[in-house]
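One structure below.
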Amino acid sequence: MLTISATRWTRCTTKAADPSIPCNRQGGFTLLDALIAVALMALLARAALPAWQAQQAQQRLELAASGLQRAVWLAQLHAAQRQRPVTLRALPASACAAAPAPGPTGSHAWPCGWAITQDDTNPPWQQANWPMGVQVSSNRGAFVTFAPSGQTRQWQSLRLTAKHAPSAWRATVSVLGRMRIAPHTP
C-alpha cells in the first residue's frame with residue numbers, strides 16, 4: 001500500500017509482511033495540500049467575481065426597468081380612472097430608504113425611485129425605490145404627466161445604469177404614452 005508523505009512516496013512494509021498488523025501511516029491531506037486547495041479556490045473565485053457582479057447588476061437593471069414600466073402603466077390607469085392628469089415623478093434624495101447610488105444630480109436625476117401623484121400637495125398613491133446601485137437620469141426633468149387619455153405632453157427618455165453592468169437600459173415614453181425599454185450602449 002502506498003501512502004503520501006509531504007516529502008516523498010513511501011511503502012508500508014509491515015502490511016505486506018503480515019496482513020493482520022495495521023499500517024502505522026494514515027491517509028489524508030497534509031497542511032500543504034489544504035493550503036494549495038484553498039489558494040486554487042481563491043483564484044477561481046477571483047476569476048469568477050467580475051462575471052457574477054455583471055450578472056447581478058444586469059438583474060438589478062432589469063428589475064428597475066420592469067418597475068418603471070409598471071409605474072407608467074399605473075399612472076396611466078389612475079389618470080383614466082380619475083379623468084384628471086396624473087404625474088409620475090422622481091422621489092427626492094431625502095425620501096431614500098438608504099443612501100442613493102452615486103450618479104447624476106440636479107433637475108434631471110431620479111435618485112431614489114418614483115411616485116405617482118395627482119399634484120404636489122397630496123401624498124402619492126404609490127411609490128417605489130430603485131434597486132440598490134441603480135442610477136436613473138432623464139433627458140427632460142424629474143416627472144412625466146399623463147392626461148386621462150394616457151398621453152403625455154412631451155416624450156421622455158430615462159437612462160438606467162448600474163456599476164459593473166455591461167450595458168445601460170433606455171426607457172422611452174412617447175407622446176402617445178407608449179413605453180419602450182431596451183438595452184442601450186452609449
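Identifiers in this document derive from the order of the C-alpha cells: chains are assigned A, B, ..., residues are numbered from 1 separately in each chain, and ligands are numbered from 1 in order of occurrence.
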
**Request:** Do a neighbour search on Ala90 of chain A at 7 Å with only C-alpha atoms, toss out local chain neighbours closer than 2 positions, and write the hits as a PyMOL selection string.
**Result:** chain A and resi 92+110+113-115+142-143

**Asked** Which one of A:Pro166, A:Pro111, A:Gly177, A:Pro183 sits closest to Val134 of chain A if you count only C-alpha atoms?
**Response** A:Pro111

Write out as CSV the residues of segment 112-163 of chain A that have any atom within 9 Å of an atom of segment 79-86 of chain A, one row each with the nearest atom pair and its distance in Å to one decimal, counting only C-alpha atoms, sorted by chain and then rising number.
residue,atom,partner,partner_atom,distance
A:Ile116,CA,A:Val86,CA,7.1
A:Thr117,CA,A:Val86,CA,6.0
A:Gln118,CA,A:Val86,CA,4.7
A:Asp119,CA,A:Val86,CA,7.5
A:Val144,CA,A:Val86,CA,8.5
A:Thr145,CA,A:Val86,CA,5.6
A:Phe146,CA,A:Val86,CA,5.3
A:Ala147,CA,A:Pro85,CA,4.5
A:Pro148,CA,A:Ala80,CA,4.4
A:Ser149,CA,A:Ala80,CA,6.3
A:Gly150,CA,A:Ala80,CA,6.9

Quick one: write out the picked residues with N, CA and C atoms as a CSV table (one decimal), in the first residue's frame?
chain,number,residue,atom,x,y,z
A,116,ILE,N,-46.3,58.1,-7.8
A,116,ILE,CA,-47.5,58.5,-8.6
A,116,ILE,C,-48.4,59.4,-7.8
A,117,THR,N,-48.5,60.7,-8.3
A,117,THR,CA,-49.3,61.7,-7.6
A,117,THR,C,-50.2,62.4,-8.5
A,118,GLN,N,-51.2,63.1,-7.9
A,118,GLN,CA,-52.1,63.9,-8.7
A,118,GLN,C,-51.6,65.3,-8.7
A,119,ASP,N,-51.0,65.8,-7.6
A,119,ASP,CA,-50.4,67.1,-7.5
A,119,ASP,C,-49.4,67.0,-6.4
A,144,VAL,N,-43.1,62.9,-15.4
A,144,VAL,CA,-43.9,62.7,-16.6
A,144,VAL,C,-45.4,62.8,-16.2
A,145,THR,N,-46.1,63.7,-16.9
A,145,THR,CA,-47.5,63.9,-16.6
A,145,THR,C,-48.4,63.2,-17.7
A,146,PHE,N,-49.3,62.4,-17.3
A,146,PHE,CA,-50.2,61.7,-18.2
A,146,PHE,C,-51.6,62.3,-18.1
A,147,ALA,N,-52.2,62.5,-19.3
A,147,ALA,CA,-53.5,63.0,-19.4
A,147,ALA,C,-54.5,61.8,-19.2
A,148,PRO,N,-55.8,62.1,-19.0
A,148,PRO,CA,-56.7,61.0,-18.9
A,148,PRO,C,-56.7,60.0,-20.1
A,149,SER,N,-56.3,60.5,-21.2
A,149,SER,CA,-56.2,59.6,-22.4
A,149,SER,C,-55.0,58.7,-22.4
A,150,GLY,N,-54.1,58.9,-21.4
A,150,GLY,CA,-52.9,58.1,-21.3
A,150,GLY,C,-51.7,58.8,-22.1

**Asked** Using only C-alpha atoms, which of A:Thr87, A:Ala93, A:Leu158, A:Trp125 sits nearest His108 of chain A?
**Response**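 Smallest separation from His108 of chain A among the options: A:Leu158.
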
Near Ala71 of chain A, within 9 Å and counting only C-alpha atoms, which residues show up once chain neighbours fewer than 3 positions away are dropped, as an mmCIF file with N, CA and C atoms, in the first residue's frame?
data_model
loop_
_atom_site.group_PDB
_atom_site.id
_atom_site.type_symbol
_atom_site.label_atom_id
_atom_site.label_comp_id
_atom_site.auth_asym_id
_atom_site.auth_seq_id
_atom_site.Cartn_x
_atom_site.Cartn_y
_atom_site.Cartn_z
ATOM 1 N N SER A 66 -38.468 47.006 -15.330
ATOM 2 C CA SER A 66 -39.826 46.466 -15.245
ATOM 3 C C SER A 66 -40.656 47.241 -14.219
ATOM 4 N N GLY A 67 -40.031 47.711 -13.140
ATOM 5 C CA GLY A 67 -40.744 48.541 -12.164
ATOM 6 C C GLY A 67 -41.165 49.869 -12.763
ATOM 7 N N LEU A 68 -40.304 50.444 -13.596
ATOM 8 C CA LEU A 68 -40.643 51.699 -14.260
ATOM 9 C C LEU A 68 -41.785 51.498 -15.252
ATOM 10 N N LEU A 74 -49.449 52.116 -14.264
ATOM 11 C CA LEU A 74 -50.296 52.524 -13.136
ATOM 12 C C LEU A 74 -50.667 54.002 -13.217
ATOM 13 N N ALA A 75 -49.724 54.849 -13.610
ATOM 14 C CA ALA A 75 -50.033 56.275 -13.738
ATOM 15 C C ALA A 75 -51.087 56.504 -14.820
ATOM 16 N N GLN A 76 -50.980 55.806 -15.937
ATOM 17 C CA GLN A 76 -51.987 55.927 -16.992
ATOM 18 C C GLN A 76 -53.340 55.414 -16.506
ATOM 19 N N LEU A 88 -46.133 61.013 -12.824
ATOM 20 C CA LEU A 88 -45.122 60.062 -12.358
ATOM 21 C C LEU A 88 -43.871 60.896 -12.140
ATOM 22 N N TRP A 114 -39.606 56.330 -7.757
ATOM 23 C CA TRP A 114 -40.694 57.072 -8.375
ATOM 24 C C TRP A 114 -41.904 57.097 -7.455
ATOM 25 N N ALA A 115 -42.793 58.050 -7.722
ATOM 26 C CA ALA A 115 -44.063 58.169 -7.002
ATOM 27 C C ALA A 115 -45.130 58.599 -7.992
ATOM 28 N N ILE A 116 -46.350 58.135 -7.792
ATOM 29 C CA ILE A 116 -47.476 58.515 -8.636
ATOM 30 C C ILE A 116 -48.357 59.446 -7.811
ATOM 31 N N GLN A 126 -48.858 55.728 -4.933
ATOM 32 C CA GLN A 126 -47.943 54.593 -4.905
ATOM 33 C C GLN A 126 -46.533 55.093 -5.168
ATOM 34 N N GLN A 127 -45.557 54.438 -4.559
ATOM 35 C CA GLN A 127 -44.166 54.808 -4.784
ATOM 36 C C GLN A 127 -43.291 53.582 -4.590
ATOM 37 N N ALA A 128 -42.097 53.637 -5.163
ATOM 38 C CA ALA A 128 -41.142 52.528 -5.027
ATOM 39 C C ALA A 128 -39.736 53.075 -5.180
#

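Candidate residues A:Ala171, A:Ala54, A:Ala182, A:Leu49 were compared for distance to Arg70 of chain A, and the nearest is A:Ala171, using only C-alpha atoms.
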